[in-house]
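Asks: Next up, my_file_30.tsv (TSV, C-alpha atoms (C1' of nucleotides)).
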```
chain	number	residue	atom	x	y	z
A	1	MET	CA	-1.84	-2.43	-28.87
A	2	ASP	CA	1.49	-0.67	-29.02
A	3	ALA	CA	2.51	2.43	-27.11
A	4	ALA	CA	1.88	4.97	-29.86
A	5	CYS	CA	-1.55	3.57	-30.49
A	6	PHE	CA	-2.34	3.54	-26.81
A	7	LEU	CA	-1.29	7.16	-26.47
A	8	ASN	CA	-3.64	8.12	-29.26
A	9	ALA	CA	-6.46	6.25	-27.59
A	10	ALA	CA	-5.56	8.02	-24.35
A	11	ASP	CA	-5.74	11.39	-26.07
A	12	ARG	CA	-9.19	10.61	-27.41
A	13	HIS	CA	-10.33	9.15	-24.11
A	14	CYS	CA	-9.32	12.26	-22.18
A	15	GLN	CA	-10.76	14.63	-24.73
A	16	GLN	CA	-14.10	12.85	-24.51
A	17	GLN	CA	-14.14	13.28	-20.78
A	18	GLY	CA	-12.95	16.84	-20.72
A	19	ALA	CA	-9.79	15.80	-18.93
A	20	LYS	CA	-6.53	17.38	-19.96
A	21	LEU	CA	-3.74	15.00	-20.88
A	22	THR	CA	-0.97	17.56	-20.56
A	23	SER	CA	2.52	16.98	-21.86
A	24	LEU	CA	3.81	16.03	-18.42
A	25	ARG	CA	1.01	13.52	-17.87
A	26	ARG	CA	1.51	12.17	-21.35
A	27	GLN	CA	5.22	11.81	-20.71
A	28	VAL	CA	4.56	9.89	-17.50
A	29	LEU	CA	2.08	7.64	-19.28
A	30	GLU	CA	4.65	7.02	-21.98
A	31	LEU	CA	7.22	6.03	-19.36
A	32	VAL	CA	4.79	3.60	-17.76
A	33	LEU	CA	4.04	2.14	-21.18
A	34	GLY	CA	7.75	1.54	-21.60
A	35	TYR	CA	7.63	-1.10	-18.90
A	36	ASP	CA	6.18	-4.55	-19.12
A	37	GLY	CA	3.89	-4.96	-16.15
A	38	VAL	CA	3.98	-3.27	-12.78
A	39	VAL	CA	5.85	0.00	-12.42
A	40	LYS	CA	6.77	1.80	-9.23
A	41	ALA	CA	6.36	5.52	-8.79
A	42	TYR	CA	10.03	5.97	-8.02
A	43	GLN	CA	11.04	4.10	-11.18
A	44	VAL	CA	9.00	6.58	-13.17
A	45	LEU	CA	10.50	9.37	-11.12
A	46	ALA	CA	14.01	8.20	-11.95
A	47	ASP	CA	13.14	8.02	-15.65
A	48	LEU	CA	11.62	11.45	-15.51
A	49	GLN	CA	14.75	12.82	-13.90
A	50	ARG	CA	16.82	11.27	-16.66
A	51	GLN	CA	14.66	12.98	-19.28
A	52	ARG	CA	14.08	16.33	-17.59
A	53	GLY	CA	17.14	16.71	-15.41
A	54	ILE	CA	15.10	17.27	-12.30
A	55	ALA	CA	11.80	16.12	-10.86
A	56	ALA	CA	10.38	15.59	-7.40
A	57	PRO	CA	8.02	12.93	-6.03
A	58	PRO	CA	4.86	15.07	-6.07
A	59	THR	CA	5.30	15.65	-9.79
A	60	VAL	CA	5.10	11.98	-10.63
A	61	TYR	CA	2.52	11.11	-7.99
A	62	ARG	CA	0.19	13.82	-9.24
A	63	ALA	CA	0.51	12.61	-12.81
A	64	LEU	CA	-0.05	9.01	-11.76
A	65	ASP	CA	-3.09	9.98	-9.70
A	66	PHE	CA	-4.54	11.76	-12.69
A	67	LEU	CA	-3.94	8.78	-14.94
A	68	VAL	CA	-5.57	6.42	-12.46
A	69	ALA	CA	-8.54	8.75	-12.04
A	70	SER	CA	-8.90	8.88	-15.82
A	71	GLY	CA	-8.95	5.12	-16.02
A	72	LEU	CA	-5.75	4.89	-18.03
A	73	LEU	CA	-3.80	3.18	-15.25
A	74	HIS	CA	-4.65	0.96	-12.32
A	75	LYS	CA	-2.99	1.11	-8.96
A	76	VAL	CA	-1.75	-2.20	-7.62
A	77	ASP	CA	-1.89	-1.68	-3.88
A	78	ALA	CA	-0.42	-4.99	-2.92
A	79	LEU	CA	2.77	-4.11	-4.79
A	80	ASN	CA	2.81	-0.34	-4.40
A	81	GLY	CA	2.78	-0.03	-8.14
A	82	TYR	CA	0.87	0.88	-11.26
A	83	ILE	CA	-0.12	-0.91	-14.45
A	84	VAL	CA	-1.56	0.20	-17.75
A	85	CYS	CA	-5.28	-0.41	-18.11
A	86	ARG	CA	-5.83	-2.51	-21.19
A	87	HIS	CA	-9.55	-1.92	-21.38
A	88	VAL	CA	-9.79	1.83	-21.68
A	89	GLY	CA	-13.15	2.90	-22.89
A	90	CYS	CA	-15.01	-0.33	-22.44
A	91	ASN	CA	-17.11	-1.03	-19.42
A	92	HIS	CA	-15.77	-4.45	-18.56
A	93	GLU	CA	-14.49	-5.18	-15.13
A	94	GLY	CA	-11.11	-6.83	-15.33
A	95	LEU	CA	-9.54	-9.69	-13.50
A	96	ILE	CA	-5.95	-8.53	-13.26
A	97	LEU	CA	-3.36	-11.14	-12.43
A	98	VAL	CA	-0.06	-9.79	-11.24
A	99	CYS	CA	2.97	-12.02	-10.94
A	100	SER	CA	4.59	-11.05	-7.67
A	101	GLN	CA	7.91	-12.37	-8.90
A	102	CYS	CA	8.42	-10.86	-12.33
A	103	GLY	CA	5.72	-8.18	-12.16
A	104	ARG	CA	4.11	-9.20	-15.42
A	105	VAL	CA	0.41	-8.66	-15.79
A	106	GLN	CA	-2.32	-10.73	-17.39
A	107	GLU	CA	-5.94	-9.75	-17.76
A	108	LEU	CA	-9.08	-11.83	-17.92
A	109	ASP	CA	-12.71	-10.91	-17.86
A	110	ALA	CA	-13.99	-10.68	-14.30
A	111	THR	CA	-17.54	-9.73	-15.14
A	112	PRO	CA	-19.12	-13.09	-14.23
A	113	MET	CA	-17.02	-13.34	-11.06
A	114	LEU	CA	-17.95	-9.88	-9.97
A	115	ALA	CA	-21.58	-10.66	-10.60
A	116	LEU	CA	-21.28	-13.54	-8.13
A	117	LEU	CA	-19.39	-11.42	-5.66
A	118	ARG	CA	-21.95	-8.68	-6.03
A	119	GLU	CA	-24.66	-11.17	-5.25
A	120	GLN	CA	-22.87	-12.51	-2.21
A	121	ALA	CA	-22.10	-9.05	-0.86
A	122	GLY	CA	-25.59	-7.86	-1.67
A	123	GLY	CA	-26.95	-10.58	0.57
A	124	GLU	CA	-25.18	-8.85	3.42
A	125	GLY	CA	-26.55	-5.47	2.46
A	126	PHE	CA	-23.33	-4.32	0.90
A	127	ALA	CA	-23.35	-2.77	-2.59
A	128	ILE	CA	-19.98	-3.21	-4.22
A	129	ALA	CA	-18.92	-0.54	-6.67
A	130	PRO	CA	-17.71	-1.23	-10.20
A	131	GLN	CA	-14.06	-2.10	-10.00
A	132	ASN	CA	-11.33	-4.37	-11.16
A	133	LEU	CA	-10.32	-7.47	-9.34
A	134	LEU	CA	-6.63	-7.61	-8.59
A	135	LEU	CA	-4.98	-10.86	-7.66
A	136	THR	CA	-1.37	-11.74	-7.11
A	137	GLY	CA	0.35	-15.03	-7.72
A	138	HIS	CA	2.89	-16.58	-10.02
A	139	CYS	CA	2.76	-16.61	-13.78
A	140	GLN	CA	3.56	-19.69	-15.83
A	141	GLY	CA	7.18	-18.74	-16.31
A	142	CYS	CA	7.81	-18.11	-12.64
A	143	GLN	CA	6.48	-21.39	-11.31
A	144	ALA	CA	9.55	-23.46	-10.43
B	145	MET	CA	-17.54	-11.81	20.27
B	146	ASP	CA	-15.74	-9.58	22.73
B	147	ALA	CA	-12.00	-9.17	23.13
B	148	ALA	CA	-11.50	-11.55	26.05
B	149	CYS	CA	-13.44	-14.26	24.30
B	150	PHE	CA	-11.50	-13.73	21.10
B	151	LEU	CA	-8.20	-13.96	22.95
B	152	ASN	CA	-9.25	-17.29	24.42
B	153	ALA	CA	-10.20	-18.53	20.99
B	154	ALA	CA	-6.85	-17.29	19.71
B	155	ASP	CA	-5.04	-19.22	22.44
B	156	ARG	CA	-6.84	-22.40	21.50
B	157	HIS	CA	-6.35	-21.77	17.81
B	158	CYS	CA	-2.60	-21.37	18.17
B	159	GLN	CA	-2.23	-24.30	20.49
B	160	GLN	CA	-4.00	-26.52	17.97
B	161	GLN	CA	-1.57	-25.48	15.28
B	162	GLY	CA	1.55	-25.70	17.36
B	163	ALA	CA	2.05	-21.96	17.00
B	164	LYS	CA	3.20	-20.02	20.01
B	165	LEU	CA	1.06	-17.08	20.99
B	166	THR	CA	3.71	-15.48	23.19
B	167	SER	CA	2.93	-12.67	25.55
B	168	LEU	CA	4.22	-10.06	23.12
B	169	ARG	CA	2.11	-11.42	20.30
B	170	ARG	CA	-0.87	-11.65	22.58
B	171	GLN	CA	-0.35	-8.09	23.69
B	172	VAL	CA	-0.24	-6.89	20.09
B	173	LEU	CA	-3.38	-8.84	19.27
B	174	GLU	CA	-5.08	-7.28	22.26
B	175	LEU	CA	-4.12	-3.82	21.05
B	176	VAL	CA	-5.52	-4.53	17.61
B	177	LEU	CA	-8.73	-5.79	19.19
B	178	GLY	CA	-9.03	-2.48	20.97
B	179	TYR	CA	-9.71	-0.79	17.66
B	180	ASP	CA	-12.85	-0.95	15.59
B	181	GLY	CA	-11.89	-1.80	12.05
B	182	VAL	CA	-8.60	-1.16	10.29
B	183	VAL	CA	-5.48	-0.56	12.37
B	184	LYS	CA	-2.10	0.69	11.23
B	185	ALA	CA	1.16	-0.86	12.34
B	186	TYR	CA	2.42	2.41	13.74
B	187	GLN	CA	-0.73	2.91	15.78
B	188	VAL	CA	-0.05	-0.42	17.42
B	189	LEU	CA	3.57	0.57	17.81
B	190	ALA	CA	2.59	3.77	19.59
B	191	ASP	CA	0.29	1.83	21.91
B	192	LEU	CA	3.01	-0.67	22.61
B	193	GLN	CA	5.42	2.10	23.46
B	194	ARG	CA	2.87	3.54	25.85
B	195	GLN	CA	2.58	0.18	27.59
B	196	ARG	CA	6.20	-0.96	27.50
B	197	GLY	CA	8.10	2.30	27.46
B	198	ILE	CA	10.04	1.35	24.37
B	199	ALA	CA	9.50	-0.64	21.21
B	200	ALA	CA	10.81	-0.53	17.66
B	201	PRO	CA	9.05	-1.13	14.33
B	202	PRO	CA	10.39	-4.67	13.79
B	203	THR	CA	8.87	-5.74	17.08
B	204	VAL	CA	5.36	-4.89	16.03
B	205	TYR	CA	5.78	-5.94	12.40
B	206	ARG	CA	7.02	-9.36	13.44
B	207	ALA	CA	4.12	-9.83	15.78
B	208	LEU	CA	1.64	-8.68	13.13
B	209	ASP	CA	3.20	-10.98	10.56
B	210	PHE	CA	2.84	-13.88	12.95
B	211	LEU	CA	-0.79	-13.03	13.64
B	212	VAL	CA	-1.53	-12.79	9.94
B	213	ALA	CA	0.25	-16.08	9.25
B	214	SER	CA	-1.78	-17.68	12.04
B	215	GLY	CA	-4.98	-16.45	10.50
B	216	LEU	CA	-5.91	-14.23	13.43
B	217	LEU	CA	-5.54	-11.03	11.46
B	218	HIS	CA	-5.83	-10.04	7.83
B	219	LYS	CA	-3.58	-7.56	6.13
B	220	VAL	CA	-5.42	-4.91	4.14
B	221	ASP	CA	-2.89	-3.88	1.51
B	222	ALA	CA	-4.95	-1.13	0.01
B	223	LEU	CA	-5.06	0.66	3.34
B	224	ASN	CA	-1.66	-0.33	4.75
B	225	GLY	CA	-3.47	-1.79	7.69
B	226	TYR	CA	-4.68	-4.84	9.54
B	227	ILE	CA	-8.06	-6.10	10.70
B	228	VAL	CA	-9.10	-8.82	13.07
B	229	CYS	CA	-10.24	-11.96	11.32
B	230	ARG	CA	-13.77	-12.75	12.36
B	231	HIS	CA	-13.68	-16.30	11.05
B	232	VAL	CA	-10.78	-17.79	12.97
B	233	GLY	CA	-10.60	-21.52	12.75
B	234	CYS	CA	-12.28	-22.00	9.44
B	235	ASN	CA	-9.06	-21.64	7.48
B	236	HIS	CA	-10.39	-19.33	4.86
B	237	GLU	CA	-9.56	-16.47	2.60
B	238	GLY	CA	-11.43	-13.32	3.38
B	239	LEU	CA	-13.71	-11.20	1.28
B	240	ILE	CA	-13.23	-7.82	2.85
B	241	LEU	CA	-15.78	-5.17	2.10
B	242	VAL	CA	-14.76	-1.60	2.81
B	243	CYS	CA	-17.37	1.11	2.76
B	244	SER	CA	-15.84	4.00	0.89
B	245	GLN	CA	-18.15	6.41	2.68
B	246	CYS	CA	-17.98	5.54	6.37
B	247	GLY	CA	-14.86	3.36	6.29
B	248	ARG	CA	-16.47	0.46	8.07
B	249	VAL	CA	-15.26	-3.03	7.31
B	250	GLN	CA	-17.20	-6.22	6.88
B	251	GLU	CA	-15.76	-9.65	6.25
B	252	LEU	CA	-17.18	-12.65	4.45
B	253	ASP	CA	-15.68	-15.94	3.43
B	254	ALA	CA	-14.17	-15.74	-0.04
B	255	THR	CA	-12.89	-19.30	-0.17
B	256	PRO	CA	-15.42	-20.67	-2.69
B	257	MET	CA	-15.06	-17.55	-4.80
B	258	LEU	CA	-11.30	-17.83	-4.83
B	259	ALA	CA	-11.56	-21.49	-5.76
B	260	LEU	CA	-13.45	-20.45	-8.87
B	261	LEU	CA	-10.99	-17.69	-9.60
B	262	ARG	CA	-8.11	-20.07	-9.06
B	263	GLU	CA	-9.62	-22.43	-11.57
B	264	GLN	CA	-10.14	-19.70	-14.13
B	265	ALA	CA	-6.65	-18.29	-13.65
B	266	GLY	CA	-5.14	-21.76	-13.59
B	267	GLY	CA	-6.52	-22.33	-17.06
B	268	GLU	CA	-4.27	-19.49	-18.16
B	269	GLY	CA	-1.24	-20.93	-16.42
B	270	PHE	CA	-1.43	-18.50	-13.54
B	271	ALA	CA	-1.21	-19.72	-9.93
B	272	ILE	CA	-3.08	-17.42	-7.57
B	273	ALA	CA	-1.49	-17.04	-4.15
B	274	PRO	CA	-3.54	-17.26	-0.96
B	275	GLN	CA	-4.94	-13.85	-0.31
B	276	ASN	CA	-7.90	-11.77	0.65
B	277	LEU	CA	-10.18	-10.00	-1.73
B	278	LEU	CA	-10.72	-6.38	-0.97
B	279	LEU	CA	-13.74	-4.70	-2.48
B	280	THR	CA	-15.06	-1.23	-2.00
B	281	GLY	CA	-18.64	-0.10	-2.12
B	282	HIS	CA	-21.34	1.15	0.21
B	283	CYS	CA	-22.54	-0.54	3.35
B	284	GLN	CA	-26.18	-0.86	4.21
B	285	GLY	CA	-26.24	2.25	6.32
B	286	CYS	CA	-24.62	4.40	3.67
B	287	GLN	CA	-26.94	3.54	0.80
B	288	ALA	CA	-29.16	6.59	0.43
C	289	DA	C1'	-4.60	44.16	-23.70
C	290	DA	C1'	-5.16	43.89	-18.70
C	291	DA	C1'	-7.03	41.77	-14.71
C	292	DC	C1'	-8.72	37.76	-12.72
C	293	DG	C1'	-9.49	33.02	-11.25
C	294	DT	C1'	-8.44	28.29	-12.09
C	295	DT	C1'	-5.62	24.60	-12.97
C	296	DC	C1'	-1.22	22.72	-13.40
C	297	DT	C1'	3.59	22.36	-12.08
C	298	DG	C1'	7.87	23.29	-9.22
C	299	DT	C1'	10.10	23.04	-4.81
C	300	DT	C1'	11.15	22.08	-0.15
C	301	DA	C1'	10.53	19.55	3.56
C	302	DT	C1'	8.79	15.94	6.13
C	303	DA	C1'	5.90	12.12	7.59
C	304	DC	C1'	4.83	7.41	7.04
C	305	DC	C1'	5.71	2.43	5.95
C	306	DG	C1'	8.63	-1.47	6.16
C	307	DT	C1'	12.91	-4.31	6.48
C	308	DA	C1'	18.03	-5.68	6.72
C	309	DA	C1'	21.37	-7.01	9.75
C	310	DC	C1'	23.14	-8.23	13.86
C	311	DA	C1'	22.99	-8.75	19.13
C	312	DT	C1'	20.76	-10.78	22.83
C	313	DT	C1'	17.63	-13.46	25.41
C	314	DC	C1'	14.52	-17.23	25.91
C	315	DT	C1'	13.00	-21.93	25.27
C	316	DT	C1'	13.45	-26.82	24.51
C	317	DG	C1'	15.20	-31.23	23.82
C	318	DG	C1'	19.32	-34.15	24.52
D	319	DC	C1'	24.08	-28.42	31.95
D	320	DC	C1'	24.55	-27.47	27.11
D	321	DA	C1'	23.80	-26.85	22.40
D	322	DA	C1'	20.39	-25.44	18.84
D	323	DG	C1'	16.66	-23.07	17.40
D	324	DA	C1'	13.13	-19.61	18.15
D	325	DA	C1'	11.81	-15.18	19.69
D	326	DT	C1'	12.87	-10.50	20.82
D	327	DG	C1'	15.82	-6.20	21.20
D	328	DT	C1'	18.39	-2.67	18.76
D	329	DT	C1'	20.31	0.19	15.25
D	330	DA	C1'	20.10	1.92	11.05
D	331	DC	C1'	18.42	2.58	6.71
D	332	DG	C1'	15.63	2.62	2.30
D	333	DG	C1'	11.25	2.91	-0.01
D	334	DT	C1'	6.60	5.17	-0.23
D	335	DA	C1'	3.72	9.16	-0.12
D	336	DT	C1'	1.95	13.76	0.98
D	337	DA	C1'	1.61	18.68	3.05
D	338	DA	C1'	2.27	23.24	2.14
D	339	DC	C1'	3.49	26.96	-0.31
D	340	DA	C1'	5.42	29.32	-4.67
D	341	DG	C1'	5.29	30.11	-9.34
D	342	DA	C1'	3.76	29.44	-14.15
D	343	DA	C1'	0.33	28.56	-17.75
D	344	DC	C1'	-4.19	29.02	-19.49
D	345	DG	C1'	-8.92	30.60	-20.36
D	346	DT	C1'	-12.43	34.10	-19.41
D	347	DT	C1'	-14.16	38.50	-18.60
D	348	DT	C1'	-13.90	43.33	-18.88
```
Is it possible to give me this structure as structure tokens?
Replies:
Amino acid sequence: MDAACFLNAADRHCQQQGAKLTSLRRQVLELVLGYDGVVKAYQVLADLQRQRGIAAPPTVYRALDFLVASGLLHKVDALNGYIVCRHVGCNHEGLILVCSQCGRVQELDATPMLALLREQAGGEGFAIAPQNLLLTGHCQGCQA
Amino acid sequence: MDAACFLNAADRHCQQQGAKLTSLRRQVLELVLGYDGVVKAYQVLADLQRQRGIAAPPTVYRALDFLVASGLLHKVDALNGYIVCRHVGCNHEGLILVCSQCGRVQELDATPMLALLREQAGGEGFAIAPQNLLLTGHCQGCQA
DNA sequence: AAACGTTCTGTTATACCGTAACATTCTTGG
DNA sequence: CCAAGAATGTTACGGTATAACAGAACGTTT
């Protein structure tokens, strides 16, 4: 799915949910789409400054927060970054593999794994919420 | 297991591995043990400054890094924090369950789970690094 | 249209998180 | 003792994130 197509899907997705994909938020999403893999907030900020002349951290953080809340992006805590969600609209839980060297992202289906985890956690009285599973490691290209 | 007992276990654990649990590292571990759940590096730093008069960030970060590398603590990326490992000695990867309501933390062994994940990811040419799995949900007490 | 509340965005300032780089001290084996 | 490596002290900085308030845009009601 290319960027233009994704943006259309994002428009539809937000409209369905009554969320407003404003021009700023759309611009930020577009900037994130321009990268391959994990993006840092301050990278986006720098891009935004190049395009708008001036922008401050809260501007980009607010847009990113919105996009995460809408399910269009995922936050990658371990790397202080963000990635595009490639499963917008469907209810699958993803297994997201992030290469800690090159930042590239790969997604598998984590549904069976999360079912097992849910079972294990449930045995301890803990109900895990729907979520994606984020793991870091090295992709094929980055293994020496 | 109380703090004193844990410290003894930590001494033995490090001795077995040829790692040196110096007095500074032990002091940091003790400070972390004084908290219930997730601790931030700068909390520990503040405590250390109270006890020693002066200390700088690298001092506490180095000690925390050592304790994580030794398996005595886990780093919780999503929360920029650290927790005591409750399974010292069994050389495992943790499954850390964080209750999004009350903030309490519970730890299970994720080793078998990660073995499966490693196999699945390996099939795609991706090598998963050693790490903990952090999942959010609701603990027993917080399920209405 | 005018008045209003709500949501979004701009702006300034600051707090928090983490590490690089180098100096110094402390072990430990020869 | 002495050299080598490990651990700690110290300074300084860069990256990450948010608080707090001001202003603008938008829809709704009157």
Asks: Which residues of chain D come within 12 Å of chain A, and for each one, what is the closest pair of atoms and their distance in Å to one decimal, counting all atoms listed in the file, sorted by chain and residue number, as CSV?
Replies:
```
residue,atom,partner,partner_atom,distance
D:DG333,C1',A:Tyr42,CA,8.7
D:DT334,C1',A:Asn80,CA,7.9
D:DA335,C1',A:Tyr61,CA,8.2
D:DT336,C1',A:Pro58,CA,7.7
D:DA337,C1',A:Pro58,CA,10.3
D:DA338,C1',A:Pro58,CA,11.9
D:DA343,C1',A:Thr22,CA,11.4
D:DC344,C1',A:Lys20,CA,11.9
```
Asks: Kindly export the residues of the current selection with C-alpha atoms (C1' of nucleotides), as a PDB file, keeping the file's coordinate frame.
Replies:
```pdb
ATOM      1  C1'  DG D 333      11.250   2.910  -0.010  1.00  0.00           C
ATOM      2  C1'  DT D 334       6.600   5.170  -0.230  1.00  0.00           C
ATOM      3  C1'  DA D 335       3.720   9.160  -0.120  1.00  0.00           C
ATOM      4  C1'  DT D 336       1.950  13.760   0.980  1.00  0.00           C
ATOM      5  C1'  DA D 337       1.610  18.680   3.050  1.00  0.00           C
ATOM      6  C1'  DA D 338       2.270  23.240   2.140  1.00  0.00           C
ATOM      7  C1'  DA D 343       0.330  28.560 -17.750  1.00  0.00           C
ATOM      8  C1'  DC D 344      -4.190  29.020 -19.490  1.00  0.00           C
TER       9       DC D 344
END
```
Asks: Using all atoms listed in the file, which protein or nucleic acid residues come within 12 Å of DG293 of chain C? Drop anything in the same chain fewer than 4 positions from it, and give the result as a PDB file with C-alpha atoms (C1' of nucleotides), in the frame of the given file.
Replies:
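Just written: selection.pdb:
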```
ATOM      1  C1'  DC D 344      -4.190  29.020 -19.490  1.00  0.00           C
ATOM      2  C1'  DG D 345      -8.920  30.600 -20.360  1.00  0.00           C
ATOM      3  C1'  DT D 346     -12.430  34.100 -19.410  1.00  0.00           C
ATOM      4  C1'  DT D 347     -14.160  38.500 -18.600  1.00  0.00           C
TER       5       DT D 347
END
```
Asks: Please compute the atom CA of Gly137 of chain A-atom CA of Val98 of chain A distance, one decimal, in Å.
Replies: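 Taking atom CA of Gly137 of chain A as the start and atom CA of Val98 of chain A as the end point, the length is 6.3 Å.
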Asks: Which chain C residues are at most 9 Å from chain B (counting all atoms listed in the file), as a PyMOL selection string?
Replies: chain C and resi 304-307
Asks: Emit the selected residues as an mmCIF file, in the frame of the given file, including C-alpha atoms (C1' of nucleotides).
Replies:
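Output file out38.cif follows:
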```cif
data_model
loop_
_atom_site.group_PDB
_atom_site.id
_atom_site.type_symbol
_atom_site.label_atom_id
_atom_site.label_comp_id
_atom_site.auth_asym_id
_atom_site.auth_seq_id
_atom_site.Cartn_x
_atom_site.Cartn_y
_atom_site.Cartn_z
ATOM 1 C "C1'" DC C 304 4.830 7.410 7.040
ATOM 2 C "C1'" DC C 305 5.710 2.430 5.950
ATOM 3 C "C1'" DG C 306 8.630 -1.470 6.160
ATOM 4 C "C1'" DT C 307 12.910 -4.310 6.480
#
```
Asks: Could you list, as a list in words, every residue of chain B that has an atom within 7 Å of an atom of chain A, counting all atoms listed in the file?
Replies: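 Interface list for chain B against chain A: Asp221, Ala222, Gly269, Phe270, Ala271, Ile272, Ala273, Leu279, Thr280, Gly281, His282, Cys283 and Gln284 of chain B.
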Asks: Interatomic distance between atom CA of Leu217 of chain B and atom CA of Arg194 of chain B?
Replies: 22.1 Å
Asks: Looking at all atoms listed in the file, which of A:Cys102, A:Leu24, A:Val68, A:Ala115 is the one that sits closest to Gly37 of chain A?
Replies: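 Closest to Gly37 of chain A of all the choices is A:Cys102.
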Asks: When you draw a straight line from atom C1' of DT315 of chain C to atom CA of Gly197 of chain B, how long is it in Å?
Replies: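 For atom C1' of DT315 of chain C relative to atom CA of Gly197 of chain B, the distance reads 24.8 Å.
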Asks: Taking all atoms of segment 298-314 of chain C that the file lists, what box with edges along x, y and z, padded by 4 Å per side, do you get, with centre and edge lengths in Å to one decimal, as AutoDock Vina command-line options?
Replies:
```
--center_x 14.0 --center_y 3.0 --center_z 8.3 --size_x 26.3 --size_y 48.5 --size_z 43.1
```
Asks: Would you be able to write out as an MDAnalysis selection string which residues have an atom within 10 Å of (5.0, 30.2, -12.3) in the file's coordinates, counting all atoms listed in the file?
Replies: (chainID C and resid 296:298) or (chainID D and resid 340:343)
Asks: Give me the residues within 12 Å of DC320 of chain D as a list of chain:residue names, counting all atoms listed in the file and dropping any in the same chain fewer than 3 places off.
Replies: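 In the requested form, the answer reads C:DT316, C:DG317, C:DG318.
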Asks: Near Gln43 of chain A, counting all atoms listed in the file, which residues have an atom at most 10 Å away, once you skip same-chain residues fewer than 6 positions from it, shown as a ChimeraX atom specification?
Replies: /A:31-32,35,49,60,81
